[in-house]
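*Asks:* After the structure tokens below, expect a handful of questions from me.
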Amino acid sequence: MNKIRNIAIIAHVDHGKTTLVDKILHHCNLFRDNQETGDLILDNNDIERERGITILSKNVSVIYKDIKINLIDTPGHSDFGGEVERVLNMADGVLLLVDAFEGPMPQTRFVLQKALDLKLKPIVVINKVDRKNCIPEEVHESVFDLMFELDAEEWQLDFPVVYGSAKNNWMAFDWKNPSNSISPLLDVVIEHIPEPKIDEGSTQMLITSLDYSSFTGRIAIGRLQRGKLSSNQQVSLVKRNGEILKSRIKEINTFDGLGRKKVDMINAGDICAVVGLENFEIGDTIADFENPEALPTIVIDEPTMSMLFTINNSPFFGKEGKYVTSRHIKERLQKELEKNLAMQLEEKGDSGDKFVVYGRGVLHLSVLIETMRREGFELQIGQPQVIIKEIDGKKCEPIEELTIDLPEDVSGKAVEIVAVRKGEILSMEVKGLRMICKFMIPSRGLIGLRNQLLTTTAGEAIINHRFIEFQPYKGEIAGRNSGSLISMENGISIPYSLDKLKDRGRFFIYHGESIYTGQVIGENSRGNDLVVNVTKTKKLSNVRSSGTDEKVKLAPPVKFTLEEAIEYIQKDEYVEITPNSIRLRKILLDENDRKRLSKQISS
Ligand SMILES: Nc1nc2c(ncn2[C@@H]2O[C@H](COP(=O)(O)OP(=O)(O)OP(=O)(O)O)[C@@H](O)[C@H]2O)c(=O)[nH]1
Ligand SMILES: [Mg+2]
């Protein structure tokens, strides 16, 4: 048996890729009946599970009708677009999933464009036809229009279409006639996706992904383009810059279901994991030992955003984390660079404890921060900054396309909010009771926008954005129009004093929380910062009063998620992150220091 199909599953975020891969694995009987597997077995790291999104692409394989199908599940969120682009290098065809209700969305366009450019054969899967009021035929038509617009070639426009519901475990050619399995889709894959085309020549494999095992170290993943690879083979590693390193492979693994299988040798066309190769990076070519020839390397996305990472120097440092020093943080960030291709790192100043980390968006970097936090790190993060570049002597900034899907009756308010952030409206389209609004907006304007829109629309807005290009700077965008409530004292917050200050704004802390001088404990309803003391107990008097502290009724505090906190802070604030806490603080904890600095700046 050596017939193979290599396909990647691509789509906009949440259109059902991982659910479909799950069902394919189940269909091909990868699990014994008594095996407890649960849903979305592929989204296997904690952060993926909690957020319900795919962050890292994953390779799996199944055998269907004696043919090995290598499947690559990809992330749909636009911050991880670079990852998708990269792994498409392993595929000969794609399953383009489109939600039968939503139709093509911004990331559908992006990933489809990449697949078409790489000359991959598309199969269109109109998913979620079980959704009420879905419009599968219209969606089919708009996918065709989209392909046409993206300059698909004749043979790509001639794509097969399958309809179905990944969730309900079926695919069919007529959405009104559900089948009882997903095998119609697998039949289409076998029939329409070409077998890998194999060139003549010596060994060549482009390293497109990387994995890590604590037993064997770093593992290189890619598709063998030419020749053979076997365990213990001597190879040349051609680096991105053309440098050639001689090396030896320890072991070859192929993908086998959800896991990997050790094999002696693989042939061109298959996807494999190479164990025991040293000093490689994504984009390098594994080539013949004697006559190495490199494959074209991988283009890497430019970063659009940066954040300052620094050690935790708050009065509470070291209470919860295991790793708190600048050396720990630096080593961890350097390790991340090896696999996180879209990330860049720069040391700032010469104190040795400040690092500027560049990435593709707030989510891209906050996933790293969340991971570090779970590993036991403590650190502080500064306000996200977009990357400003000079192009032809002009100051330019990243511009994104923003799509907001929301109930029609609140769309006016949303448009206003976006306009204040320099968003220009491209189109507004009514879809049932909802409105789909498209804008072009500076990336700067997106920071904190989600939070504001969700509040305005009572959680109804669905927000998507995607980087388009650098354009001339669009002018100042006013920041948050409320100041911070800042703690005057170190101590414990007291219900009595929180209650007394409740008209000042909203608090981010519970009563009984330990706080420190300079910590941002709430939002002032006015524009200025205000230093308040919430550690004061009620003056004791001889007369017993009836209103004791415990009776005070306080509104629950606002608790930010990591991203919300990062998007919320001002220039002169940090988010302090430890394994158990997220706190906001002034960079300068002392009020007099802050006053002195602002005087210096204004003079
Ligand atoms: N109604 C309905 N819901 C579905 C269907 N397929 C998937 N879903 C749901 O859609 C949500 C997203 O599914 P995922 O499979 O995680 O989507 P994804 O495309 O992998 O998402 P990302 O990896 O984050 O891009 C989940 O809540 C699924 O249960 C379907 O056919 N019908
Ligand atoms: Mg997924």
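Chain labels follow the order of the structure tokens: the first chain is A, the next B, and so on; residue numbering restarts at 1 in every chain, and ligands are counted from 1 in their shown order.
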Could you go through range 3-190 of chain A and tell me which residues DSSP, when run on the backbone, assigns to helix (DSSP H, G or I), listing them as a VMD selection string?
*Replies:* chain A and resid 17 to 27 46 to 51 78 to 90 106 to 117 136 to 149 154 to 157 183 to 190
*Asks:* Write the residues of the preceding selection, restricted to C-alpha atoms, as an mmCIF file, in the first residue's frame.
*Replies:*
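What ended up in selection.cif:
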data_model
loop_
_atom_site.group_PDB
_atom_site.id
_atom_site.type_symbol
_atom_site.label_atom_id
_atom_site.label_comp_id
_atom_site.auth_asym_id
_atom_site.auth_seq_id
_atom_site.Cartn_x
_atom_site.Cartn_y
_atom_site.Cartn_z
ATOM 1 C CA LYS A 17 -12.308 22.302 10.744
ATOM 2 C CA THR A 18 -11.287 20.501 13.902
ATOM 3 C CA THR A 19 -14.756 19.011 14.318
ATOM 4 C CA LEU A 20 -14.528 17.581 10.808
ATOM 5 C CA VAL A 21 -11.048 16.135 11.341
ATOM 6 C CA ASP A 22 -12.354 14.531 14.515
ATOM 7 C CA LYS A 23 -15.171 12.886 12.616
ATOM 8 C CA ILE A 24 -12.830 11.667 9.904
ATOM 9 C CA LEU A 25 -10.593 10.051 12.517
ATOM 10 C CA HIS A 26 -13.602 8.385 14.094
ATOM 11 C CA HIS A 27 -14.975 7.227 10.778
ATOM 12 C CA ASP A 46 -4.959 23.585 27.559
ATOM 13 C CA ILE A 47 -5.241 26.954 25.930
ATOM 14 C CA GLU A 48 -6.820 25.481 22.805
ATOM 15 C CA ARG A 49 -9.338 23.596 24.875
ATOM 16 C CA GLU A 50 -10.281 26.542 27.022
ATOM 17 C CA ARG A 51 -10.650 28.944 24.157
ATOM 18 C CA SER A 78 -6.051 35.524 11.544
ATOM 19 C CA ASP A 79 -3.184 35.967 13.996
ATOM 20 C CA PHE A 80 -2.073 32.473 12.987
ATOM 21 C CA GLY A 81 -2.402 32.958 9.228
ATOM 22 C CA GLY A 82 1.346 32.550 8.778
ATOM 23 C CA GLU A 83 1.171 29.059 10.243
ATOM 24 C CA VAL A 84 -1.493 28.061 7.716
ATOM 25 C CA GLU A 85 0.467 29.465 4.838
ATOM 26 C CA ARG A 86 3.492 27.486 5.901
ATOM 27 C CA VAL A 87 1.841 24.092 6.337
ATOM 28 C CA LEU A 88 0.066 24.374 2.984
ATOM 29 C CA ASN A 89 3.474 23.498 1.563
ATOM 30 C CA MET A 90 2.850 19.891 2.617
ATOM 31 C CA PRO A 106 -12.123 37.461 5.852
ATOM 32 C CA GLN A 107 -9.917 34.528 6.774
ATOM 33 C CA THR A 108 -11.641 32.314 4.178
ATOM 34 C CA ARG A 109 -10.344 34.700 1.596
ATOM 35 C CA PHE A 110 -6.829 34.799 3.010
ATOM 36 C CA VAL A 111 -6.318 31.040 3.275
ATOM 37 C CA LEU A 112 -8.001 30.372 -0.056
ATOM 38 C CA GLN A 113 -5.736 32.872 -1.778
ATOM 39 C CA LYS A 114 -2.691 31.109 -0.365
ATOM 40 C CA ALA A 115 -3.963 27.703 -1.456
ATOM 41 C CA LEU A 116 -4.722 28.919 -4.976
ATOM 42 C CA ASP A 117 -1.306 30.551 -5.283
ATOM 43 C CA PRO A 136 -26.039 26.782 1.430
ATOM 44 C CA GLU A 137 -26.742 27.580 -2.220
ATOM 45 C CA GLU A 138 -25.984 31.264 -1.845
ATOM 46 C CA VAL A 139 -22.837 30.350 0.051
ATOM 47 C CA HIS A 140 -21.791 28.032 -2.757
ATOM 48 C CA GLU A 141 -22.252 30.851 -5.229
ATOM 49 C CA SER A 142 -20.300 33.331 -3.159
ATOM 50 C CA VAL A 143 -17.423 30.854 -2.830
ATOM 51 C CA PHE A 144 -17.364 30.556 -6.594
ATOM 52 C CA ASP A 145 -17.349 34.345 -6.957
ATOM 53 C CA LEU A 146 -14.579 34.598 -4.416
ATOM 54 C CA MET A 147 -12.410 32.062 -6.278
ATOM 55 C CA PHE A 148 -13.029 33.884 -9.510
ATOM 56 C CA GLU A 149 -12.054 37.158 -7.935
ATOM 57 C CA GLU A 154 -9.906 26.927 -14.696
ATOM 58 C CA TRP A 155 -9.213 23.561 -13.011
ATOM 59 C CA GLN A 156 -9.493 25.150 -9.579
ATOM 60 C CA LEU A 157 -12.814 26.834 -10.416
ATOM 61 C CA SER A 183 -17.714 8.965 3.609
ATOM 62 C CA PRO A 184 -19.126 10.911 0.618
ATOM 63 C CA LEU A 185 -16.553 13.567 1.424
ATOM 64 C CA LEU A 186 -13.720 11.055 1.716
ATOM 65 C CA ASP A 187 -14.719 9.586 -1.656
ATOM 66 C CA VAL A 188 -14.466 13.024 -3.200
ATOM 67 C CA VAL A 189 -11.036 13.497 -1.640
ATOM 68 C CA ILE A 190 -9.764 10.278 -3.140
#
*Asks:* Name each residue within 12 Å of ligand 2, counting only C-alpha atoms and all ligand atoms, as number ranges by chain.
*Replies:* A: 9-22, 39-45, 48-49, 51-58, 72-77, 80, 84, 97
*Asks:* Set the distance at 6 Å and use only C-alpha atoms: which residues neighbour range 232-247 of chain A once local chain neighbours fewer than 2 positions away are removed? I'd like the list as a ChimeraX atom specification.
*Replies:* /A:230,249-250,284-289
*Asks:* Just C-alpha atoms for this one: save the residues we selected as a PDB file, in the first residue's frame.
*Replies:*
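Output file part_25.pdb is given in full below:
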ATOM      1  CA  SER A 230      15.705   6.471   6.118  1.00  0.00           C
ATOM      2  CA  ILE A 249      19.026  11.529  11.055  1.00  0.00           C
ATOM      3  CA  LYS A 250      18.295   9.206  13.946  1.00  0.00           C
ATOM      4  CA  ASP A 284      15.637  24.731   6.040  1.00  0.00           C
ATOM      5  CA  THR A 285      15.917  21.883   3.518  1.00  0.00           C
ATOM      6  CA  ILE A 286      16.987  18.366   4.409  1.00  0.00           C
ATOM      7  CA  ALA A 287      18.970  17.345   1.328  1.00  0.00           C
ATOM      8  CA  ASP A 288      21.313  14.769  -0.090  1.00  0.00           C
ATOM      9  CA  PHE A 289      24.564  14.325   1.808  1.00  0.00           C
TER      10      PHE A 289
END
*Asks:* Just the residues within 7 Å of Trp170 in chain A, please, counting only C-alpha atoms, with nothing from its chain fewer than 5 positions along; format it as a PyMOL selection string.
*Replies:* chain A and resi 164-165+178-182
*Asks:* Which residues come within 7 Å of Val124 in chain A, counting only C-alpha atoms, excluding same-chain residues fewer than 4 positions away, as a PyMOL selection string?
*Replies:* chain A and resi 95-97+159-162
*Asks:* Keeping only C-alpha atoms, write the selected residues as a PDB file, in the first residue's frame.
*Replies:*
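Dumped everything to out-v7.pdb:
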ATOM      1  CA  LEU A  95     -10.780  21.191   1.970  1.00  0.00           C
ATOM      2  CA  LEU A  96     -12.115  24.716   2.129  1.00  0.00           C
ATOM      3  CA  LEU A  97     -14.790  24.737   4.805  1.00  0.00           C
ATOM      4  CA  PHE A 159     -14.140  22.458  -7.671  1.00  0.00           C
ATOM      5  CA  PRO A 160     -16.369  19.732  -6.270  1.00  0.00           C
ATOM      6  CA  VAL A 161     -18.820  20.769  -3.531  1.00  0.00           C
ATOM      7  CA  VAL A 162     -19.960  18.707  -0.598  1.00  0.00           C
TER       8      VAL A 162
END
*Asks:* Would you please work out which residue, of A:Ser411, A:Asn127, A:Ser482, A:Thr537, is nearest to Pro104 in chain A when using only C-alpha atoms?
*Replies:*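 Under the stated criterion, the closest residue is A:Asn127.
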*Asks:* Name the residues of range 283-485 of chain A that come out as strand (DSSP E) in a backbone DSSP run; write them as a ChimeraX atom specification.
*Replies:* /A:285-288,305-310,344-347,354-359,379-382,385-386,389-391,394-407,424-431,434-442,462-472,484-485
*Asks:* Quick one: everything within 12 Å of Thr310 in chain A, counting only C-alpha atoms, minus sequence neighbours fewer than 6 positions away in the same chain. Send it as a ChimeraX atom specification.
*Replies:* /A:324-330,333,346-349,351-357,369,377-383,574-577,587
*Asks:* How about saving the chosen residues, N, CA and C atoms kept, as a short mmCIF file (atom, residue, chain, number, x, y, z; two decimals), in the first residue's frame?
*Replies:*
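Contents of again_11.cif, freshly written:
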data_model
loop_
_atom_site.label_atom_id
_atom_site.label_comp_id
_atom_site.auth_asym_id
_atom_site.auth_seq_id
_atom_site.Cartn_x
_atom_site.Cartn_y
_atom_site.Cartn_z
N VAL A 324 11.27 33.98 37.73
CA VAL A 324 11.02 35.41 37.89
C VAL A 324 12.17 36.29 37.41
N THR A 325 13.31 35.71 37.14
CA THR A 325 14.46 36.56 36.80
C THR A 325 14.50 36.89 35.31
N SER A 326 15.29 37.91 34.97
CA SER A 326 15.40 38.30 33.56
C SER A 326 16.05 37.18 32.75
N ARG A 327 16.93 36.44 33.38
CA ARG A 327 17.58 35.34 32.65
C ARG A 327 16.54 34.27 32.26
N HIS A 328 15.67 33.94 33.21
CA HIS A 328 14.60 32.98 32.91
C HIS A 328 13.76 33.46 31.74
N ILE A 329 13.36 34.73 31.81
CA ILE A 329 12.45 35.24 30.78
C ILE A 329 13.16 35.28 29.43
N LYS A 330 14.40 35.71 29.45
CA LYS A 330 15.14 35.79 28.18
C LYS A 330 15.29 34.40 27.55
N LEU A 333 11.99 33.24 26.08
CA LEU A 333 11.62 33.94 24.85
C LEU A 333 12.49 33.47 23.69
N GLU A 346 13.77 41.59 20.77
CA GLU A 346 14.81 42.61 20.82
C GLU A 346 15.00 42.98 22.28
N GLU A 347 16.27 43.13 22.69
CA GLU A 347 16.49 43.58 24.07
C GLU A 347 16.39 45.09 24.10
N LYS A 348 15.80 45.63 25.14
CA LYS A 348 15.63 47.08 25.18
C LYS A 348 16.46 47.69 26.30
N GLY A 349 17.16 48.75 25.96
CA GLY A 349 18.00 49.43 26.94
C GLY A 349 19.14 48.53 27.37
N SER A 351 19.57 47.56 30.70
CA SER A 351 19.33 46.99 32.03
C SER A 351 19.27 45.46 31.93
N GLY A 352 19.04 44.93 30.73
CA GLY A 352 19.01 43.49 30.55
C GLY A 352 17.72 42.84 31.02
N ASP A 353 16.75 43.64 31.46
CA ASP A 353 15.51 43.00 31.92
C ASP A 353 14.28 43.46 31.14
N LYS A 354 14.49 44.12 30.00
CA LYS A 354 13.36 44.54 29.18
C LYS A 354 13.51 43.98 27.78
N PHE A 355 12.43 43.38 27.29
CA PHE A 355 12.47 42.77 25.96
C PHE A 355 11.27 43.25 25.16
N VAL A 356 11.53 43.63 23.92
CA VAL A 356 10.41 43.97 23.06
C VAL A 356 10.11 42.73 22.22
N VAL A 357 8.89 42.24 22.31
CA VAL A 357 8.52 41.05 21.56
C VAL A 357 7.56 41.46 20.45
N ILE A 369 2.06 34.56 26.38
CA ILE A 369 2.09 35.01 27.78
C ILE A 369 1.33 34.02 28.66
N PHE A 377 5.89 31.28 35.15
CA PHE A 377 6.59 32.55 35.04
C PHE A 377 5.81 33.69 35.68
N GLU A 378 6.57 34.68 36.14
CA GLU A 378 5.99 35.97 36.50
C GLU A 378 6.60 37.00 35.58
N LEU A 379 5.79 37.90 35.07
CA LEU A 379 6.32 38.95 34.21
C LEU A 379 5.36 40.12 34.14
N GLN A 380 5.84 41.20 33.52
CA GLN A 380 4.98 42.36 33.33
C GLN A 380 4.98 42.74 31.85
N ILE A 381 3.83 43.22 31.40
CA ILE A 381 3.66 43.53 29.98
C ILE A 381 3.25 44.98 29.83
N GLY A 382 3.84 45.65 28.87
CA GLY A 382 3.48 47.05 28.59
C GLY A 382 2.38 47.15 27.55
N GLN A 383 1.92 48.36 27.33
CA GLN A 383 0.84 48.58 26.37
C GLN A 383 1.26 48.14 24.96
N TYR A 574 1.44 48.91 33.46
CA TYR A 574 1.83 47.55 33.12
C TYR A 574 0.72 46.58 33.53
N VAL A 575 0.69 45.43 32.87
CA VAL A 575 -0.10 44.33 33.40
C VAL A 575 0.90 43.40 34.11
N GLU A 576 0.64 43.10 35.35
CA GLU A 576 1.50 42.19 36.11
C GLU A 576 0.88 40.80 36.03
N ILE A 577 1.68 39.84 35.58
CA ILE A 577 1.13 38.51 35.35
C ILE A 577 1.89 37.47 36.15
N ILE A 587 3.42 52.09 36.09
CA ILE A 587 4.84 51.73 36.00
C ILE A 587 5.57 52.40 37.16
#
*Asks:* With only C-alpha atoms as the counted atoms, please give the residues lying no more than 10 Å from Met265 in chain A, apart from itself and same-chain residues fewer than 5 positions off, as a list in words.
*Replies:*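 That gives Lys228, Leu229, Ser230, Ser231, Asn232, Gln233, Glu251, Ile252, Asn253 and Thr254 of chain A.
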*Asks:* Write the selection just made, keeping C-alpha atoms, as a PDB file, in the first residue's frame?
*Replies:*
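As written to disk, out_6.pdb reads:
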ATOM      1  CA  LYS A 228      14.069   8.709   0.056  1.00  0.00           C
ATOM      2  CA  LEU A 229      14.757   9.203   3.716  1.00  0.00           C
ATOM      3  CA  SER A 230      15.705   6.471   6.118  1.00  0.00           C
ATOM      4  CA  SER A 231      16.646   6.127   9.744  1.00  0.00           C
ATOM      5  CA  ASN A 232      20.357   6.753  10.353  1.00  0.00           C
ATOM      6  CA  GLN A 233      20.788   8.381   6.982  1.00  0.00           C
ATOM      7  CA  GLU A 251      14.774   8.140  13.202  1.00  0.00           C
ATOM      8  CA  ILE A 252      11.933   8.629  10.726  1.00  0.00           C
ATOM      9  CA  ASN A 253       8.307   8.675  11.838  1.00  0.00           C
ATOM     10  CA  THR A 254       5.229   8.780   9.681  1.00  0.00           C
TER      11      THR A 254
END
